[in-house]
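Peer 1: Can you keep this structure in mind? I'll have questions shortly.
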Amino acid sequence: MMPTGWCPGTRTVTGMLGTYPGTSCVRIFFGPGDGLPAAAWTDPRQRLAQAPADADVIVSHKDPEVDAAAFVAAWQATGRTGRLILVPHHEPEQQTAGDPAPAAFRASWTRTRTQVGDHPARHDGRLRLAVCWTLQWVRRVDAAGRRVNDWRTWWPEHEADAVDLVLADWYPYDPTARNPFRPAGYEEPASALAIMVELARATGKPWGIAEINHPRITTAGGFPADLDPDGSRCAAWYRRMHAWAKANGCQVWSHYHRDEGDLTERKTEQQALRELIAAEAAAPRRLAPVLETLRAELARRWPGAGRTVVDATHHADHRPNARDTVDALDVDVTGVDTAALLAAFQRHPSAAHWIHGGATARADDGWTRRPYAGTDPGRDRLHLGIRSTEAAERDQRPWGLVEEAGSDATRFLALLKDPAVALQLRALPWQYVGGGIPKGMSTLGVLNEIVQTVRVIGETVARQAADPAPVRAALARLPEPRATADPPEPSGRADGVPPLDTAQSPVDTAQPPGGTGRPGTTAQVDALADAVAARVLATLPGHASGVSGSELAAALRTALAELLG
């Protein structure tokens with residue numbers, strides 16, 4: 001799931017929710033002088049209070065002296081289950097309306113980190129701290145195509161550990177157009193959003209879109225042509241951008257429903273946004289495979305109806321991520337040895353955090369137990385969350401709750417490493433009888449016969465060749481026929497499995513094996529000799545081209561007659 005929604009602009013939140021049901025992201029900003037009021041979460045007249053409780057909320061502010069701790073505490077007290085994505089100094093690079101100087105921007109980030117950087121909600125992923133820039137500014141280039149702005153000017157390098165997310169506002173920009181901000185076409189998603197993948201790679205942080213909008217390309221909108229009078233191309237562009245973003249790691253997506261981005265009268269684009277929001281809201285809750293393994297082990301170790309819960313609402317990682325995968329599991333701890341469960345959980349490389357009994361711990365914090373200040377401390381349940389990476393989700397290693405079970409993967413691997421078992425496994429391929437193997441012979445018997453036949457054929461070819469050295473050198477590299485192998489299973493096994501037929505085992509292949517299924521008549525021998533001679537002649541090097549097919553066939557007939565006699 002990629003939470004998808006809008007910034008309401010001049011519209012009411014309740015009205016927007018009626019137009020876009022299932023909204024999973026709401027973008028709210030506080031301008032210069034607005035501060036960061038904690039009361040906005042509870043005042044019914046405020047937009048924050050009207051936002052859905054399970055939606056992500058992107059909140060930005062412009063003032064340096066704010067009380068982020070009080071704001072986050074008020075948010076947590078509401079019991080909201082969606083994430084709070086907090087952006088100190090949205091678009092600081094604009095340098096308008098009181099935007100800070102770089103030094104003040106960095107000082108404000110230190111203040112934010114001091115106030116809420118170690119908040120429990122941040123440790124378990126419900127609180128995210130983010131930077132946000134305008135991509136038009138980041139992408140700006142000069143006449144030579146060189147970027148003229150450096151995003152690092154507005155990157156809090158000294159507080160990089162406190163940054164959880166890199167956000168950006170996307171608006172049209174094409175430096176090759178006469179008016180770079182009014183291009184003649186809709187930019188392809190791969191080029192439009194490649195900069196976000198680049199920023200994520202450079203900062204080591206995931207990325208998202210805090211604002212996005214594209215006006216219809218018409219002359220009335222200030223564009224050079226009436227390319228899209230009905231908005232169908234713009235709607236298709238929105239769908240492509242959203243799909244590309246989701247496929248390339250975007251964490252959240254918010255349409256800027258204001259000014260040119262107000263879709264109230266743009267019904268075609270409005271329908272596209274409505275469909276995108278509804279599709280994300282309906283994303284299936286597919287438990288990560290590694291947690292499916294854990295759930296199966298829990299059911300075997302502590303059976304009980306309703307033992308595990310996938311779709312709880314108290315925590316953001318119960319929602320499907322961008323891969324439509326749920327990375328958390330709740331366990332009813334009635335009758336469960338929680339100490340044993342936590343010990344096993346913490347040993348697994350995919351484990352990330354747990355919440356239980358008013359406490360929480362994280363793998364990245366050395367599993368240090370700390371008080372949990374969330375609204376659902378987990379008195380009767382144990383919340384288990386894994387790392388939100390595809391590798392962690394698909395890890396096939398067991399959790400170690402049922403190691404005593406005979407069918408457990410760990411015991412099976414240990415069995416395969418047993419020297420006695422390994423000895424028998426090495427012998428089995430050579431003992432194989434059936435399929436295309438002639439009746440009465442084993443795999444090794446056939447291989448021995450082939451090697452012996454090739455030696456006879458090769459020596460005949462060498463005698464006929466002008467230069468026998470290459471042929472005899474090739475013969476020297478042939479393996480010696482194997483007369484014995486690892487011994488078969490002895491008789492009288494305690495498990496009741498009958499012993500292997502030693503008449504067909506590799507032990508008895510020192511002598512040329514007999515049996516049916518091989519050429520027996522003179523006509524069959526002659527036909528086989530002719531066929532082998534033709535194949536040998538086709539692969540001989542050029543200097544051996546003087547060997548005649550009749551001579552080689554005659555030699556083969558003699559060799560085969562001796563072998564089969």
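If you're wondering about the labels, chains in the structure tokens are A, B, ... by order shown, residues count from 1 in each chain, ligands from 1 in order shown.
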Mind dumping a table of every range 341-374 of chain A residue within 12 Å of range 292-301 of chain A, with the nearest atom pair and its distance in Å to one decimal, using only C-alpha atoms, sorted by chain and rising number, as CSV?

Peer 2:
```
residue,atom,partner,partner_atom,distance
A:Leu341,CA,A:Leu298,CA,8.7
A:Leu342,CA,A:Leu294,CA,11.9
A:Ala344,CA,A:Leu294,CA,10.1
A:Phe345,CA,A:Leu294,CA,8.8
A:His348,CA,A:Leu294,CA,10.4
A:Ser350,CA,A:Leu294,CA,11.1
A:Ala351,CA,A:Leu294,CA,10.9
```

Peer 1: DSSP on the backbone, alpha helix (DSSP H) only: what residues of range 161-260 of chain A does that give? Format it as a PyMOL selection string.

Peer 2: chain A and resi 189-192+194-203+232-247

Peer 1: If you measure from CA of Thr443 in chain A to CA of Ala473 in chain A, what distance in Å do you get, rounded to one decimal?

Peer 2: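 These two atoms are separated by 26.3 Å.
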
Peer 1: Pull the closest atom pair for each residue of range 169-220 of chain A that gets at most 10 Å from range 238-253 of chain A, along with the distance in Å to one decimal, counting only C-alpha atoms, ordering rows by chain and then ascending residue number, as JSON lines.

Peer 2:
```
{"residue": "A:Tyr186", "atom": "CA", "partner": "A:Tyr238", "partner_atom": "CA", "distance": 9.8}
{"residue": "A:Glu187", "atom": "CA", "partner": "A:Met241", "partner_atom": "CA", "distance": 9.4}
{"residue": "A:Glu188", "atom": "CA", "partner": "A:Met241", "partner_atom": "CA", "distance": 7.8}
{"residue": "A:Pro189", "atom": "CA", "partner": "A:Met241", "partner_atom": "CA", "distance": 5.1}
{"residue": "A:Ala190", "atom": "CA", "partner": "A:Trp244", "partner_atom": "CA", "distance": 7.2}
{"residue": "A:Ala192", "atom": "CA", "partner": "A:Met241", "partner_atom": "CA", "distance": 8.5}
{"residue": "A:Leu193", "atom": "CA", "partner": "A:Ala245", "partner_atom": "CA", "distance": 7.4}
{"residue": "A:Ala194", "atom": "CA", "partner": "A:Asn248", "partner_atom": "CA", "distance": 9.3}
{"residue": "A:Met196", "atom": "CA", "partner": "A:Cys250", "partner_atom": "CA", "distance": 8.7}
{"residue": "A:Val197", "atom": "CA", "partner": "A:Asn248", "partner_atom": "CA", "distance": 7.6}
{"residue": "A:Ala200", "atom": "CA", "partner": "A:Gly249", "partner_atom": "CA", "distance": 9.3}
{"residue": "A:Pro206", "atom": "CA", "partner": "A:Gln251", "partner_atom": "CA", "distance": 7.0}
{"residue": "A:Trp207", "atom": "CA", "partner": "A:Cys250", "partner_atom": "CA", "distance": 5.4}
{"residue": "A:Gly208", "atom": "CA", "partner": "A:Cys250", "partner_atom": "CA", "distance": 4.8}
{"residue": "A:Ile209", "atom": "CA", "partner": "A:Trp253", "partner_atom": "CA", "distance": 4.8}
{"residue": "A:Ala210", "atom": "CA", "partner": "A:Trp253", "partner_atom": "CA", "distance": 6.1}
{"residue": "A:Glu211", "atom": "CA", "partner": "A:Trp253", "partner_atom": "CA", "distance": 7.4}
{"residue": "A:Ile212", "atom": "CA", "partner": "A:Trp253", "partner_atom": "CA", "distance": 8.1}
{"residue": "A:Asn213", "atom": "CA", "partner": "A:Tyr238", "partner_atom": "CA", "distance": 8.7}
{"residue": "A:His214", "atom": "CA", "partner": "A:Tyr238", "partner_atom": "CA", "distance": 8.4}
```

Peer 1: Residues of the last selection are to be written out with all heavy atoms, as a compact mmCIF listing (two decimals), in the first residue's frame.

Peer 2:
```txt
# COMPACT_ATOMS: atom_id res chain seq x y z
N TYR A 186 3.34 16.24 -21.36
CA TYR A 186 3.42 15.63 -20.03
C TYR A 186 4.69 14.78 -19.95
O TYR A 186 4.91 13.89 -20.76
CB TYR A 186 2.20 14.76 -19.76
CG TYR A 186 0.90 15.54 -19.70
CD1 TYR A 186 -0.02 15.48 -20.74
CD2 TYR A 186 0.61 16.36 -18.61
CE1 TYR A 186 -1.21 16.20 -20.69
CE2 TYR A 186 -0.57 17.08 -18.54
CZ TYR A 186 -1.48 17.00 -19.59
OH TYR A 186 -2.65 17.72 -19.53
N GLU A 187 5.53 15.09 -18.99
CA GLU A 187 6.81 14.40 -18.86
C GLU A 187 6.59 12.94 -18.44
O GLU A 187 5.71 12.63 -17.63
CB GLU A 187 7.67 15.10 -17.81
CG GLU A 187 9.10 14.59 -17.73
CD GLU A 187 9.94 15.40 -16.75
OE1 GLU A 187 9.37 16.29 -16.07
OE2 GLU A 187 11.14 15.14 -16.65
N GLU A 188 7.40 12.06 -19.00
CA GLU A 188 7.32 10.66 -18.64
C GLU A 188 7.75 10.46 -17.18
O GLU A 188 8.70 11.09 -16.72
CB GLU A 188 8.19 9.80 -19.56
CG GLU A 188 7.57 9.55 -20.92
CD GLU A 188 6.21 8.88 -20.81
OE1 GLU A 188 6.11 7.85 -20.12
OE2 GLU A 188 5.25 9.41 -21.39
N PRO A 189 7.07 9.57 -16.45
CA PRO A 189 7.36 9.38 -15.02
C PRO A 189 8.82 9.05 -14.73
O PRO A 189 9.38 9.54 -13.75
CB PRO A 189 6.44 8.22 -14.64
CG PRO A 189 5.31 8.30 -15.60
CD PRO A 189 5.90 8.77 -16.88
N ALA A 190 9.44 8.20 -15.56
CA ALA A 190 10.81 7.79 -15.27
C ALA A 190 11.76 8.97 -15.21
O ALA A 190 12.67 9.02 -14.39
CB ALA A 190 11.28 6.78 -16.31
N ALA A 192 10.63 12.24 -14.85
CA ALA A 192 10.09 13.22 -13.91
C ALA A 192 10.47 12.91 -12.47
O ALA A 192 10.71 13.82 -11.67
CB ALA A 192 8.57 13.27 -14.05
N LEU A 193 10.51 11.62 -12.12
CA LEU A 193 10.74 11.23 -10.73
C LEU A 193 12.09 10.56 -10.49
O LEU A 193 12.38 10.15 -9.37
CB LEU A 193 9.63 10.28 -10.27
CG LEU A 193 8.24 10.92 -10.16
CD1 LEU A 193 7.19 9.87 -9.82
CD2 LEU A 193 8.23 12.03 -9.11
N ALA A 194 12.92 10.48 -11.52
CA ALA A 194 14.24 9.87 -11.33
C ALA A 194 15.04 10.61 -10.27
O ALA A 194 15.84 10.01 -9.54
CB ALA A 194 15.00 9.86 -12.66
N MET A 196 14.00 11.74 -7.52
CA MET A 196 13.65 11.26 -6.18
C MET A 196 14.42 9.98 -5.83
O MET A 196 14.87 9.81 -4.70
CB MET A 196 12.15 11.01 -6.08
CG MET A 196 11.31 12.27 -6.07
SD MET A 196 11.83 13.51 -4.86
CE MET A 196 11.81 12.61 -3.34
N VAL A 197 14.56 9.11 -6.81
CA VAL A 197 15.35 7.90 -6.58
C VAL A 197 16.80 8.28 -6.32
O VAL A 197 17.48 7.69 -5.46
CB VAL A 197 15.24 6.96 -7.79
CG1 VAL A 197 16.11 5.73 -7.61
CG2 VAL A 197 13.78 6.54 -8.00
N ALA A 200 17.04 9.68 -2.76
CA ALA A 200 16.93 8.60 -1.78
C ALA A 200 18.24 7.84 -1.67
O ALA A 200 18.69 7.47 -0.58
CB ALA A 200 15.79 7.66 -2.17
N PRO A 206 14.22 6.60 2.50
CA PRO A 206 13.12 6.40 1.56
C PRO A 206 12.51 7.74 1.16
O PRO A 206 12.73 8.76 1.80
CB PRO A 206 12.13 5.55 2.35
CG PRO A 206 12.45 5.81 3.78
CD PRO A 206 13.93 6.09 3.85
N TRP A 207 11.70 7.73 0.08
CA TRP A 207 11.18 8.99 -0.45
C TRP A 207 9.66 8.95 -0.61
O TRP A 207 9.04 7.90 -0.61
CB TRP A 207 11.82 9.32 -1.78
CG TRP A 207 11.53 8.35 -2.91
CD1 TRP A 207 12.14 7.15 -3.14
CD2 TRP A 207 10.54 8.50 -3.94
NE1 TRP A 207 11.61 6.55 -4.25
CE2 TRP A 207 10.63 7.34 -4.77
CE3 TRP A 207 9.61 9.48 -4.25
CZ2 TRP A 207 9.80 7.17 -5.89
CZ3 TRP A 207 8.80 9.31 -5.36
CH2 TRP A 207 8.90 8.17 -6.17
N GLY A 208 9.09 10.16 -0.74
CA GLY A 208 7.66 10.27 -0.95
C GLY A 208 7.33 11.60 -1.62
O GLY A 208 8.19 12.47 -1.79
N ILE A 209 6.08 11.75 -2.01
CA ILE A 209 5.60 12.97 -2.67
C ILE A 209 4.61 13.66 -1.75
O ILE A 209 3.53 13.13 -1.45
CB ILE A 209 4.93 12.63 -4.02
CG1 ILE A 209 5.94 12.04 -4.99
CG2 ILE A 209 4.27 13.86 -4.62
CD1 ILE A 209 7.03 13.01 -5.41
N ALA A 210 4.98 14.87 -1.28
CA ALA A 210 4.12 15.64 -0.38
C ALA A 210 3.10 16.46 -1.14
O ALA A 210 1.99 16.71 -0.64
CB ALA A 210 4.97 16.57 0.50
N GLU A 211 3.45 16.90 -2.34
CA GLU A 211 2.52 17.65 -3.19
C GLU A 211 2.83 17.31 -4.64
O GLU A 211 3.99 17.19 -5.03
CB GLU A 211 2.68 19.17 -3.01
CG GLU A 211 2.32 19.69 -1.63
CD GLU A 211 2.57 21.19 -1.51
OE1 GLU A 211 2.82 21.83 -2.56
OE2 GLU A 211 2.51 21.70 -0.38
N ILE A 212 1.75 17.16 -5.44
CA ILE A 212 1.94 16.96 -6.87
C ILE A 212 0.72 17.51 -7.60
O ILE A 212 -0.41 17.40 -7.11
CB ILE A 212 2.15 15.47 -7.23
CG1 ILE A 212 2.50 15.32 -8.71
CG2 ILE A 212 0.97 14.63 -6.83
CD1 ILE A 212 3.00 13.94 -9.10
N ASN A 213 0.96 18.13 -8.73
CA ASN A 213 -0.13 18.63 -9.55
C ASN A 213 0.40 18.93 -10.94
O ASN A 213 1.57 19.29 -11.11
CB ASN A 213 -0.72 19.92 -8.97
CG ASN A 213 -1.66 20.59 -9.96
OD1 ASN A 213 -2.57 19.95 -10.50
ND2 ASN A 213 -1.44 21.86 -10.24
N HIS A 214 -0.44 18.74 -11.93
CA HIS A 214 -0.12 19.16 -13.29
C HIS A 214 -1.37 19.77 -13.92
O HIS A 214 -2.39 19.09 -14.09
CB HIS A 214 0.34 17.98 -14.14
CG HIS A 214 1.17 18.38 -15.32
ND1 HIS A 214 0.76 19.34 -16.22
CD2 HIS A 214 2.39 17.96 -15.75
CE1 HIS A 214 1.69 19.49 -17.16
NE2 HIS A 214 2.69 18.67 -16.88
```

Peer 1: For Trp367 in chain A, find every residue with an atom within 10 Å (counting only C-alpha atoms), except residues of its own chain fewer than 2 positions away, and show them as a list in words.

Peer 2: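 That gives Gln346, Ala352, His353, Trp354, Thr360, Ala361, Arg362, Ala363, Asp364, Asp365, Arg369 and Arg370 of chain A.
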
Peer 1: Quick one: DSSP strand (DSSP E) residues in range 153-265 of chain A, as a VMD selection string?

Peer 2: chain A and resid 165 to 170 207 to 212 250 to 256

Peer 1: Do a neighbour search on range 40-50 of chain A at 8 Å with only C-alpha atoms, toss out local chain neighbours closer than 5 positions, and write the hits as a PDB file with all heavy atoms, in the first residue's frame.

Peer 2:
```pdb
ATOM      1  N   THR A  12     -12.963  21.974   2.464  1.00  0.00           N
ATOM      2  CA  THR A  12     -13.019  21.383   3.801  1.00  0.00           C
ATOM      3  C   THR A  12     -12.588  19.931   3.734  1.00  0.00           C
ATOM      4  O   THR A  12     -12.769  19.251   2.710  1.00  0.00           O
ATOM      5  CB  THR A  12     -14.450  21.452   4.372  1.00  0.00           C
ATOM      6  OG1 THR A  12     -15.312  20.627   3.583  1.00  0.00           O
ATOM      7  CG2 THR A  12     -14.962  22.892   4.376  1.00  0.00           C
ATOM      8  N   VAL A  13     -12.024  19.447   4.831  1.00  0.00           N
ATOM      9  CA  VAL A  13     -11.595  18.056   4.882  1.00  0.00           C
ATOM     10  C   VAL A  13     -12.796  17.127   4.764  1.00  0.00           C
ATOM     11  O   VAL A  13     -12.757  16.120   4.047  1.00  0.00           O
ATOM     12  CB  VAL A  13     -10.813  17.784   6.173  1.00  0.00           C
ATOM     13  CG1 VAL A  13     -10.586  16.290   6.369  1.00  0.00           C
ATOM     14  CG2 VAL A  13      -9.486  18.520   6.150  1.00  0.00           C
ATOM     15  N   THR A  14     -13.886  17.455   5.447  1.00  0.00           N
ATOM     16  CA  THR A  14     -15.064  16.595   5.379  1.00  0.00           C
ATOM     17  C   THR A  14     -15.621  16.540   3.960  1.00  0.00           C
ATOM     18  O   THR A  14     -16.055  15.473   3.497  1.00  0.00           O
ATOM     19  CB  THR A  14     -16.145  17.093   6.354  1.00  0.00           C
ATOM     20  OG1 THR A  14     -16.398  18.492   6.112  1.00  0.00           O
ATOM     21  CG2 THR A  14     -15.700  16.913   7.793  1.00  0.00           C
ATOM     22  N   ILE A  28      -1.460  18.606   5.637  1.00  0.00           N
ATOM     23  CA  ILE A  28      -1.850  19.843   6.318  1.00  0.00           C
ATOM     24  C   ILE A  28      -0.595  20.665   6.593  1.00  0.00           C
ATOM     25  O   ILE A  28       0.416  20.116   7.057  1.00  0.00           O
ATOM     26  CB  ILE A  28      -2.554  19.542   7.662  1.00  0.00           C
ATOM     27  CG1 ILE A  28      -3.779  18.654   7.440  1.00  0.00           C
ATOM     28  CG2 ILE A  28      -2.928  20.839   8.361  1.00  0.00           C
ATOM     29  CD1 ILE A  28      -4.889  19.287   6.652  1.00  0.00           C
ATOM     30  N   ALA A  74       0.083  15.439  21.861  1.00  0.00           N
ATOM     31  CA  ALA A  74      -1.348  15.639  21.615  1.00  0.00           C
ATOM     32  C   ALA A  74      -1.845  14.692  20.518  1.00  0.00           C
ATOM     33  O   ALA A  74      -2.955  14.153  20.602  1.00  0.00           O
ATOM     34  CB  ALA A  74      -1.611  17.094  21.218  1.00  0.00           C
ATOM     35  N   TRP A  75      -1.007  14.502  19.508  1.00  0.00           N
ATOM     36  CA  TRP A  75      -1.361  13.543  18.444  1.00  0.00           C
ATOM     37  C   TRP A  75      -1.508  12.133  19.004  1.00  0.00           C
ATOM     38  O   TRP A  75      -2.473  11.423  18.708  1.00  0.00           O
ATOM     39  CB  TRP A  75      -0.271  13.574  17.363  1.00  0.00           C
ATOM     40  CG  TRP A  75      -0.216  12.339  16.508  1.00  0.00           C
ATOM     41  CD1 TRP A  75      -1.084  11.994  15.516  1.00  0.00           C
ATOM     42  CD2 TRP A  75       0.765  11.297  16.569  1.00  0.00           C
ATOM     43  NE1 TRP A  75      -0.712  10.787  14.951  1.00  0.00           N
ATOM     44  CE2 TRP A  75       0.418  10.348  15.578  1.00  0.00           C
ATOM     45  CE3 TRP A  75       1.894  11.072  17.349  1.00  0.00           C
ATOM     46  CZ2 TRP A  75       1.173   9.188  15.363  1.00  0.00           C
ATOM     47  CZ3 TRP A  75       2.643   9.929  17.138  1.00  0.00           C
ATOM     48  CH2 TRP A  75       2.274   9.007  16.151  1.00  0.00           C
ATOM     49  N   THR A  78      -4.705  11.221  20.968  1.00  0.00           N
ATOM     50  CA  THR A  78      -5.952  11.022  20.230  1.00  0.00           C
ATOM     51  C   THR A  78      -6.192   9.562  19.882  1.00  0.00           C
ATOM     52  O   THR A  78      -7.300   9.183  19.509  1.00  0.00           O
ATOM     53  CB  THR A  78      -5.944  11.828  18.917  1.00  0.00           C
ATOM     54  OG1 THR A  78      -4.897  11.328  18.056  1.00  0.00           O
ATOM     55  CG2 THR A  78      -5.725  13.314  19.185  1.00  0.00           C
TER      56      THR A  78
END
```

Peer 1: Need the shell around Arg307 in chain A: protein/DNA/RNA residues with any atom at most 10 Å away, counting only C-alpha atoms. Skip same-chain ones fewer than 4 positions apart. Format as a PyMOL selection string?

Peer 2: chain A and resi 295+298-299+302-303+330-334+336+381

Peer 1: Using N, CA and C atoms, can you write the selected residues to a file as a PDB file, in the first residue's frame?

Peer 2:
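Written file, result_39.pdb:
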```pdb
ATOM      1  N   ARG A 295       3.863 -17.590  12.221  1.00  0.00           N
ATOM      2  CA  ARG A 295       2.497 -17.928  12.624  1.00  0.00           C
ATOM      3  C   ARG A 295       2.293 -19.444  12.656  1.00  0.00           C
ATOM      4  N   LEU A 298       3.952 -20.760  15.755  1.00  0.00           N
ATOM      5  CA  LEU A 298       3.156 -20.426  16.940  1.00  0.00           C
ATOM      6  C   LEU A 298       1.983 -21.391  17.095  1.00  0.00           C
ATOM      7  N   ALA A 299       1.335 -21.709  15.974  1.00  0.00           N
ATOM      8  CA  ALA A 299       0.182 -22.603  16.018  1.00  0.00           C
ATOM      9  C   ALA A 299       0.572 -24.005  16.485  1.00  0.00           C
ATOM     10  N   TRP A 302       1.929 -23.331  20.501  1.00  0.00           N
ATOM     11  CA  TRP A 302       0.862 -22.930  21.427  1.00  0.00           C
ATOM     12  C   TRP A 302      -0.459 -22.860  20.661  1.00  0.00           C
ATOM     13  N   PRO A 303      -1.076 -23.992  20.385  1.00  0.00           N
ATOM     14  CA  PRO A 303      -2.327 -23.992  19.619  1.00  0.00           C
ATOM     15  C   PRO A 303      -3.404 -23.170  20.319  1.00  0.00           C
ATOM     16  N   ASP A 330       0.160  -9.650  15.581  1.00  0.00           N
ATOM     17  CA  ASP A 330      -0.193  -9.584  17.000  1.00  0.00           C
ATOM     18  C   ASP A 330      -0.483 -10.988  17.515  1.00  0.00           C
ATOM     19  N   VAL A 331      -0.002 -11.295  18.710  1.00  0.00           N
ATOM     20  CA  VAL A 331      -0.160 -12.627  19.290  1.00  0.00           C
ATOM     21  C   VAL A 331      -0.914 -12.524  20.612  1.00  0.00           C
ATOM     22  N   ASP A 332      -1.997 -13.283  20.738  1.00  0.00           N
ATOM     23  CA  ASP A 332      -2.693 -13.412  22.013  1.00  0.00           C
ATOM     24  C   ASP A 332      -1.796 -14.233  22.936  1.00  0.00           C
ATOM     25  N   VAL A 333      -1.369 -13.647  24.045  1.00  0.00           N
ATOM     26  CA  VAL A 333      -0.358 -14.299  24.884  1.00  0.00           C
ATOM     27  C   VAL A 333      -0.950 -15.220  25.937  1.00  0.00           C
ATOM     28  N   THR A 334      -2.259 -15.448  25.908  1.00  0.00           N
ATOM     29  CA  THR A 334      -2.873 -16.368  26.871  1.00  0.00           C
ATOM     30  C   THR A 334      -2.273 -17.768  26.710  1.00  0.00           C
ATOM     31  N   VAL A 336       0.826 -18.537  26.627  1.00  0.00           N
ATOM     32  CA  VAL A 336       2.086 -18.491  25.865  1.00  0.00           C
ATOM     33  C   VAL A 336       3.242 -18.137  26.796  1.00  0.00           C
ATOM     34  N   ARG A 381      -1.599  -8.803  24.597  1.00  0.00           N
ATOM     35  CA  ARG A 381      -1.114  -9.182  23.272  1.00  0.00           C
ATOM     36  C   ARG A 381       0.360  -8.809  23.158  1.00  0.00           C
TER      37      ARG A 381
END
```

Peer 1: I need the residue nearest Ala121 in chain A from this list: A:Arg83, A:Arg557, A:Arg347, A:Arg182. Use only C-alpha atoms for the distance.

Peer 2: A:Arg83

Peer 1: If I take CA of Arg139 in chain A and CA of Asp169 in chain A, how far is one from the other in Å, to one decimal?

Peer 2: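 So the two atoms, CA of Arg139 in chain A and CA of Asp169 in chain A, lie 11.6 Å apart.
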
Peer 1: Could you tell me how far CA of Pro120 in chain A sits from CA of Thr308 in chain A, in Å to one decimal place?

Peer 2: 23.8 Å

Peer 1: Within 12 Å of range 97-111 of chain A, counting only C-alpha atoms, which residues qualify if same-chain residues fewer than 3 places away don't, as a ChimeraX atom specification?

Peer 2: /A:31-34,61-69,86-94,114-117,129-131,151-163

Peer 1: Keeping only C-alpha atoms, write the selected residues to a file as a tab-separated table (two decimals), in the first residue's frame.

Peer 2:
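Contents of selection_36.tsv, freshly written:
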```
chain	number	residue	atom	x	y	z
A	31	GLY	CA	2.30	28.82	7.52
A	32	PRO	CA	4.66	31.44	8.94
A	33	GLY	CA	3.44	32.63	12.32
A	34	ASP	CA	1.04	29.69	12.78
A	61	HIS	CA	5.42	24.15	9.64
A	62	LYS	CA	7.50	27.24	8.87
A	63	ASP	CA	8.41	28.54	12.32
A	64	PRO	CA	11.65	27.68	14.15
A	65	GLU	CA	10.48	28.06	17.77
A	66	VAL	CA	7.76	25.42	17.97
A	67	ASP	CA	6.97	22.85	20.65
A	68	ALA	CA	7.16	19.63	18.66
A	69	ALA	CA	7.03	17.54	21.86
A	86	LEU	CA	6.34	15.85	10.53
A	87	VAL	CA	8.21	18.30	8.26
A	88	PRO	CA	10.15	21.13	9.93
A	89	HIS	CA	10.44	24.07	7.50
A	90	HIS	CA	8.65	22.87	4.39
A	91	GLU	CA	10.44	24.14	1.23
A	92	PRO	CA	13.13	26.15	3.05
A	93	GLU	CA	14.91	26.74	-0.29
A	94	GLN	CA	12.12	29.08	-1.43
A	114	THR	CA	16.06	16.93	20.85
A	115	GLN	CA	12.32	17.19	21.40
A	116	VAL	CA	11.01	14.11	19.57
A	117	GLY	CA	13.94	12.29	17.97
A	129	LEU	CA	10.54	13.13	10.55
A	130	ALA	CA	11.03	14.41	7.03
A	131	VAL	CA	12.69	17.05	4.88
A	151	TRP	CA	19.91	20.29	-2.17
A	152	ARG	CA	22.69	19.72	0.39
A	153	THR	CA	22.33	23.37	1.39
A	154	TRP	CA	19.06	22.32	2.98
A	155	TRP	CA	20.06	18.89	4.25
A	156	PRO	CA	20.57	18.62	8.05
A	157	GLU	CA	23.74	16.57	7.76
A	158	HIS	CA	24.52	16.91	11.47
A	159	GLU	CA	21.11	15.44	12.31
A	160	ALA	CA	20.88	12.95	9.45
A	161	ASP	CA	20.06	10.10	11.85
A	162	ALA	CA	16.88	11.97	12.79
A	163	VAL	CA	15.66	12.17	9.18
```
